[in-house]
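Here is the file input29.pdb (PDB, C-alpha atoms and all ligand atoms).
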```pdb
ATOM      1  CA  ALA N1228       1.471 -84.449  -3.378
ATOM      2  CA  PRO N1229       1.996 -82.068  -0.444
ATOM      3  CA  LYS N1230      -0.894 -79.886   0.600
ATOM      4  CA  ALA N1231      -0.780 -76.279  -0.491
ATOM      5  CA  ASN N1232       0.013 -74.980   2.982
ATOM      6  CA  ASP N1233       2.606 -77.653   3.802
ATOM      7  CA  SER N1234       5.422 -75.208   3.184
ATOM      8  CA  SER N1235       4.147 -72.716   5.760
ATOM      9  CA  PHE N1236       6.437 -73.337   8.714
ATOM     10  CA  ILE N1237       4.876 -70.410  10.570
ATOM     11  CA  ALA N1238       1.422 -72.005  10.320
ATOM     12  CA  LYS N1239       2.869 -75.295  11.568
ATOM     13  CA  MET N1240       4.614 -73.612  14.492
ATOM     14  CA  LYS N1241       1.483 -71.735  15.499
ATOM     15  CA  ALA N1242      -0.732 -74.813  15.146
ATOM     16  CA  SER N1243       1.570 -76.990  17.262
ATOM     17  CA  GLY N1244       2.691 -74.390  19.811
ATOM     18  CA  LYS N1245       6.346 -74.481  18.750
ATOM     19  CA  ASN N1246       8.639 -71.525  19.377
ATOM     20  CA  ILE N1247      11.843 -72.738  17.707
ATOM     21  CA  VAL N1248      12.529 -73.726  14.109
ATOM     22  CA  VAL N1249      15.837 -75.242  13.014
ATOM     23  CA  PHE N1250      16.828 -75.010   9.354
ATOM     24  CA  TYR N1251      19.719 -76.871   7.778
ATOM     25  CA  GLY N1252      21.815 -76.431   4.681
ATOM     26  CA  SER N1253      23.250 -79.881   4.176
ATOM     27  CA  GLN N1254      24.677 -81.976   1.373
ATOM     28  CA  THR N1255      25.906 -85.138   3.104
ATOM     29  CA  GLY N1256      23.782 -85.016   6.258
ATOM     30  CA  THR N1257      26.025 -83.571   8.965
ATOM     31  CA  ALA N1258      24.185 -80.260   9.282
ATOM     32  CA  GLU N1259      20.865 -82.081   9.124
ATOM     33  CA  GLU N1260      21.927 -84.387  11.953
ATOM     34  CA  PHE N1261      23.011 -81.421  14.077
ATOM     35  CA  ALA N1262      19.659 -79.748  13.401
ATOM     36  CA  LEU N1263      17.847 -82.871  14.565
ATOM     37  CA  ARG N1264      19.892 -82.975  17.762
ATOM     38  CA  LEU N1265      19.051 -79.329  18.474
ATOM     39  CA  VAL N1266      15.351 -80.012  17.980
ATOM     40  CA  LYS N1267      15.468 -82.915  20.424
ATOM     41  CA  GLU N1268      17.538 -80.983  22.911
ATOM     42  CA  ALA N1269      15.221 -77.981  22.951
ATOM     43  CA  ALA N1270      12.706 -80.162  24.769
ATOM     44  CA  ARG N1271      15.184 -80.751  27.585
ATOM     45  CA  TYR N1272      15.153 -77.015  28.208
ATOM     46  CA  GLY N1273      11.405 -76.777  28.186
ATOM     47  CA  MET N1274      11.175 -75.334  24.678
ATOM     48  CA  LYS N1275       9.405 -76.712  21.665
ATOM     49  CA  ALA N1276      11.132 -76.932  18.321
ATOM     50  CA  LEU N1277       9.680 -77.798  14.965
ATOM     51  CA  TYR N1278      11.362 -80.832  13.351
ATOM     52  CA  PRO N1279      14.478 -79.988  11.295
ATOM     53  CA  ALA N1280      13.332 -77.924   8.366
ATOM     54  CA  ASP N1281      14.653 -77.986   4.811
ATOM     55  CA  PRO N1282      14.718 -74.428   3.435
ATOM     56  CA  GLU N1283      13.953 -75.833   0.003
ATOM     57  CA  GLU N1284      10.609 -77.118   1.245
ATOM     58  CA  CYS N1285       9.606 -74.040   3.213
ATOM     59  CA  GLU N1286       8.360 -70.591   2.329
ATOM     60  CA  MET N1287      11.418 -68.761   3.560
ATOM     61  CA  GLU N1288       9.730 -65.421   2.820
ATOM     62  CA  GLU N1289       7.821 -66.153   6.035
ATOM     63  CA  LEU N1290      10.940 -65.607   8.124
ATOM     64  CA  SER N1291       9.847 -62.113   9.164
ATOM     65  CA  LYS N1292       6.626 -63.569  10.582
ATOM     66  CA  LEU N1293       8.588 -65.298  13.338
ATOM     67  CA  SER N1294       8.247 -62.030  15.224
ATOM     68  CA  GLU N1295       4.522 -62.892  15.572
ATOM     69  CA  ILE N1296       5.426 -65.885  17.767
ATOM     70  CA  ASN N1297       6.284 -65.202  21.398
ATOM     71  CA  ASN N1298       9.843 -66.113  22.492
ATOM     72  CA  SER N1299      10.608 -67.459  19.057
ATOM     73  CA  LEU N1300      13.998 -68.415  17.689
ATOM     74  CA  VAL N1301      15.320 -69.594  14.356
ATOM     75  CA  ILE N1302      18.499 -71.660  14.295
ATOM     76  CA  PHE N1303      20.487 -72.249  11.100
ATOM     77  CA  CYS N1304      22.978 -75.109  10.669
ATOM     78  CA  MET N1305      24.651 -74.248   7.371
ATOM     79  CA  ALA N1306      27.417 -76.086   5.539
ATOM     80  CA  THR N1307      29.695 -74.487   2.921
ATOM     81  CA  TYR N1308      30.700 -76.111  -0.381
ATOM     82  CA  GLY N1309      32.660 -75.420  -3.544
ATOM     83  CA  GLU N1310      33.968 -71.887  -3.773
ATOM     84  CA  GLY N1311      32.198 -70.826  -0.607
ATOM     85  CA  ASP N1312      28.823 -71.838  -1.973
ATOM     86  CA  PRO N1313      25.618 -72.945  -0.265
ATOM     87  CA  THR N1314      24.411 -76.524  -0.330
ATOM     88  CA  ASP N1315      21.878 -77.336  -3.059
ATOM     89  CA  ASN N1316      18.966 -77.282  -0.607
ATOM     90  CA  ALA N1317      19.944 -73.816   0.662
ATOM     91  CA  SER N1318      20.855 -72.130  -2.613
ATOM     92  CA  ALA N1319      17.446 -70.581  -3.377
ATOM     93  CA  PHE N1320      17.171 -69.299   0.200
ATOM     94  CA  TYR N1321      20.721 -67.922  -0.024
ATOM     95  CA  GLU N1322      19.996 -66.093  -3.301
ATOM     96  CA  TRP N1323      16.782 -64.679  -1.880
ATOM     97  CA  LEU N1324      18.373 -63.438   1.331
ATOM     98  CA  LYS N1325      21.313 -61.957  -0.581
ATOM     99  CA  THR N1326      19.229 -60.027  -3.101
ATOM    100  CA  GLU N1327      16.030 -59.114  -1.254
ATOM    101  CA  GLU N1328      15.691 -56.795   1.719
ATOM    102  CA  PRO N1329      13.135 -58.392   4.034
ATOM    103  CA  ASP N1330      12.647 -56.579   7.333
ATOM    104  CA  LEU N1331      13.670 -59.125   9.965
ATOM    105  CA  THR N1332      13.172 -56.863  12.956
ATOM    106  CA  GLY N1333      11.964 -58.934  15.901
ATOM    107  CA  VAL N1334      13.401 -62.187  14.523
ATOM    108  CA  ASN N1335      15.808 -63.891  16.936
ATOM    109  CA  TYR N1336      18.450 -66.171  15.464
ATOM    110  CA  ALA N1337      21.494 -68.350  16.021
ATOM    111  CA  VAL N1338      23.860 -69.798  13.412
ATOM    112  CA  PHE N1339      26.160 -72.803  13.405
ATOM    113  CA  GLY N1340      28.345 -73.008  10.300
ATOM    114  CA  LEU N1341      29.929 -76.212   9.057
ATOM    115  CA  GLY N1342      33.114 -76.148   7.030
ATOM    116  CA  ASN N1343      36.669 -77.283   6.677
ATOM    117  CA  LYS N1344      39.549 -74.887   7.140
ATOM    118  CA  THR N1345      41.615 -76.469   4.370
ATOM    119  CA  TYR N1346      39.227 -74.745   1.928
ATOM    120  CA  GLU N1347      39.893 -71.169   0.895
ATOM    121  CA  HIS N1348      36.337 -70.023   1.637
ATOM    122  CA  PHE N1349      36.218 -71.419   5.143
ATOM    123  CA  ASN N1350      32.718 -71.446   6.591
ATOM    124  CA  SER N1351      31.568 -68.639   4.318
ATOM    125  CA  MET N1352      27.916 -69.727   4.469
ATOM    126  CA  GLY N1353      27.827 -69.683   8.270
ATOM    127  CA  LYS N1354      29.486 -66.278   8.189
ATOM    128  CA  PHE N1355      27.137 -64.980   5.486
ATOM    129  CA  PHE N1356      23.927 -65.961   7.270
ATOM    130  CA  ASP N1357      25.154 -64.666  10.615
ATOM    131  CA  LYS N1358      26.080 -61.279   9.146
ATOM    132  CA  ARG N1359      23.186 -60.897   6.714
ATOM    133  CA  LEU N1360      20.463 -61.675   9.246
ATOM    134  CA  GLU N1361      21.823 -58.975  11.520
ATOM    135  CA  GLU N1362      21.986 -56.526   8.599
ATOM    136  CA  LEU N1363      18.308 -57.178   7.917
ATOM    137  CA  GLY N1364      17.384 -56.287  11.478
ATOM    138  CA  ALA N1365      17.280 -59.707  13.148
ATOM    139  CA  THR N1366      18.719 -60.191  16.635
ATOM    140  CA  ARG N1367      21.668 -62.517  17.216
ATOM    141  CA  VAL N1368      21.044 -64.462  20.408
ATOM    142  CA  VAL N1369      24.472 -66.085  20.598
ATOM    143  CA  GLU N1370      27.781 -65.793  18.778
ATOM    144  CA  ALA N1371      27.854 -67.977  15.673
ATOM    145  CA  GLY N1372      29.436 -71.419  15.941
ATOM    146  CA  VAL N1373      32.260 -72.310  13.563
ATOM    147  CA  GLY N1374      32.558 -76.026  12.842
ATOM    148  CA  ASP N1375      35.732 -77.333  11.233
ATOM    149  CA  ASP N1376      35.836 -80.950  10.140
ATOM    150  CA  ASP N1377      39.571 -80.710   9.492
ATOM    151  CA  GLY N1378      39.738 -80.451  13.289
ATOM    152  CA  ASN N1379      36.873 -81.905  15.315
ATOM    153  CA  MET N1380      33.426 -80.940  14.053
ATOM    154  CA  GLU N1381      31.631 -82.808  16.852
ATOM    155  CA  GLU N1382      33.614 -80.986  19.510
ATOM    156  CA  ASP N1383      32.998 -77.627  17.832
ATOM    157  CA  PHE N1384      29.284 -78.376  17.819
ATOM    158  CA  LEU N1385      29.216 -79.455  21.477
ATOM    159  CA  THR N1386      31.162 -76.364  22.524
ATOM    160  CA  TRP N1387      28.767 -74.102  20.643
ATOM    161  CA  LYS N1388      25.697 -75.899  21.997
ATOM    162  CA  ASP N1389      26.951 -75.261  25.512
ATOM    163  CA  THR N1390      26.835 -71.537  24.786
ATOM    164  CA  LEU N1391      23.554 -71.668  22.834
ATOM    165  CA  TRP N1392      21.038 -72.884  25.392
ATOM    166  CA  PRO N1393      22.087 -70.673  28.332
ATOM    167  CA  ALA N1394      22.092 -67.683  25.963
ATOM    168  CA  VAL N1395      18.613 -68.562  24.650
ATOM    169  CA  LEU N1396      17.150 -69.025  28.132
ATOM    170  CA  ASP N1397      18.769 -65.827  29.323
ATOM    171  CA  PHE N1398      17.499 -63.941  26.266
ATOM    172  CA  PHE N1399      13.924 -65.021  26.909
ATOM    173  CA  GLY N1400      14.244 -64.597  30.673
ATOM    174  CA  LEU N1401      13.594 -68.278  31.300
ATOM    175  CA  GLU N1402      15.006 -70.410  34.112
ATOM    176  CA  MET N1403      17.610 -73.048  33.386
ATOM    177  CA  ASN N1404      15.531 -76.042  34.381
ATOM    178  CA  LEU N1405      17.051 -79.085  32.784
ATOM    179  CA  GLN N1406      14.604 -81.909  32.245
ATOM    180  CA  GLU N1407      16.051 -85.334  32.877
ATOM    181  CA  ILE N1408      15.592 -87.632  29.925
ATOM    182  CA  SER N1409      16.455 -91.280  30.136
TER     183      SER N1409
HETATM  184  N1  LIG W   1      34.063 -76.209   3.825
HETATM  185  C1  LIG W   1      34.333 -74.861   3.794
HETATM  186  O1  LIG W   1      34.488 -74.231   4.843
HETATM  187  N2  LIG W   1      34.465 -74.212   2.604
HETATM  188  C2  LIG W   1      34.348 -74.842   1.401
HETATM  189  O2  LIG W   1      34.456 -74.186   0.377
HETATM  190  C3  LIG W   1      34.059 -76.258   1.411
HETATM  191  N3  LIG W   1      33.914 -76.939   0.247
HETATM  192  C4  LIG W   1      33.715 -78.297   0.290
HETATM  193  C5  LIG W   1      33.640 -79.035  -0.905
HETATM  194  C6  LIG W   1      33.472 -80.405  -0.878
HETATM  195  C7  LIG W   1      33.428 -81.160  -2.177
HETATM  196  C8  LIG W   1      33.335 -81.087   0.362
HETATM  197  C9  LIG W   1      33.136 -82.576   0.430
HETATM  198  C10 LIG W   1      33.395 -80.372   1.533
HETATM  199  C11 LIG W   1      33.587 -78.976   1.533
HETATM  200  N4  LIG W   1      33.662 -78.249   2.726
HETATM  201  C12 LIG W   1      33.930 -76.905   2.681
HETATM  202  C13 LIG W   1      33.483 -78.922   4.039
HETATM  203  C14 LIG W   1      31.996 -79.140   4.389
HETATM  204  O3  LIG W   1      31.310 -77.916   4.565
HETATM  205  C15 LIG W   1      31.901 -79.947   5.683
HETATM  206  O4  LIG W   1      32.410 -81.238   5.444
HETATM  207  C16 LIG W   1      30.487 -80.052   6.249
HETATM  208  O5  LIG W   1      30.531 -80.729   7.474
HETATM  209  C17 LIG W   1      29.517 -80.763   5.335
HETATM  210  O6  LIG W   1      28.225 -80.726   5.890
HETATM  211  P1  LIG W   1      27.027 -81.643   5.366
HETATM  212  O7  LIG W   1      27.394 -83.085   5.702
HETATM  213  O8  LIG W   1      25.841 -81.217   6.159
HETATM  214  O9  LIG W   1      26.853 -81.445   3.910
END
```
In structure tokens, write the structure found in this file.
Amino acid sequence: APKANDSSFIAKMKASGKNIVVFYGSQTGTAEEFALRLVKEAARYGMKALYPADPEECEMEELSKLSEINNSLVIFCMATYGEGDPTDNASAFYEWLKTEEPDLTGVNYAVFGLGNKTYEHFNSMGKFFDKRLEELGATRVVEAGVGDDDGNMEEDFLTWKDTLWPAVLDFFGLEMNLQEIS
């Protein structure tokens, strides 16, 4: 059984010196894979990201505490299902964020939404999180990405990623100093 404090992502970030956390709302793994790639890539830019985090296994009420960590960022990779619904693993977090009013001042965020434009509620989860976080006082570091797997999801992700890292470095006043990885 997990330890009592296993769900505290803030404690884990502080203990391991991480400044980025990447959450995913995923049903068939695409958003989770993107989250993993972002975690790995953060290292290339000299930043440290906590492994991809499942909102269902984390105390999402801790989100506001990100402001306690210097140069911190939360990234959300969120897929949409059904009638514009969240994935199963993101539904409790979605309900909480929709109904509660946490003060997210000082929380810096970026959102990549995954969807398919043949559905009526195209990318509504990505759009919801991007809008709601701002409403609650959080700071958008880069324009939200809109992935469409009716077109080319991979290309949408790559295009967004190319805007993400320069925006993050610029936001934190860090130098673009790409680490070579073999
Ligand atoms: N995309 C949308 O934009 N809106 C939808 O309402 C929507 N409903 C879906 C329902 C089903 C049954 C499936 C299979 C896909 C749906 N999609 C919808 C597309 C998914 O969001 C997209 O395929 C996404 O990449 C899935 O991410 P995941 O692999 O992380 O679960």
For this session: Considering all atoms listed in the file, return as a ChimeraX atom specification whatever protein or nucleic-acid residues lie within 10 Å of Glu1362 of chain N, sequence-local ones (same chain, fewer than 6 positions apart) excluded.
Result: /N:1328,1330-1332,1356
For this session: Find the residues around segment 1372-1377 of chain N up to 9 Å (all atoms listed in the file counted), leave out those fewer than 3 positions away in its own chain, and share them as a VMD selection string.
Result: chain N and resid 1306 1337 to 1345 1349 to 1350 1353 to 1354 1369 1380 to 1384 1386 to 1388
For this session: Apply the PyMOL selection byres (((not hetatm)) within 7 of (chain W and resi 1)) to the structure shown and report the selected residues as an NGL selection string.
Result: :N and (1252-1259 or 1306-1312 or 1314 or 1341-1344 or 1346-1351 or 1376)
Problem set entry | Computed interatomic separation between atom CA of Phe1303 of chain N and atom CA of Ala1269 of chain N (Å) |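 Those two atoms sit 14.2 Å apart.
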How big is the axis-aligned box around the listed atoms of segment 1255-1268 of chain N once 6 Å is added on each side, and where is its centre? Give both in Å to one decimal, as AutoDock Vina command-line options.
```
--center_x 20.7 --center_y -82.2 --center_z 13.0 --size_x 22.7 --size_y 17.8 --size_z 31.8
```
For this session: May I have the residues within 9 Å of Met1287 of chain N as a ChimeraX atom specification, using only C-alpha atoms and disregarding those fewer than 6 positions away in the same chain?
Result: /N:1234-1236,1320,1323
For this session: Give me, please, the distance in Å between atom CA of Asp1357 of chain N and atom CA of Lys1245 of chain N, quoted to one decimal.
Result: 22.7 Å
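Interatomic distance, atom CA of Leu1277 of chain N to atom CA of Glu1322 of chain N: 24.0 Å.
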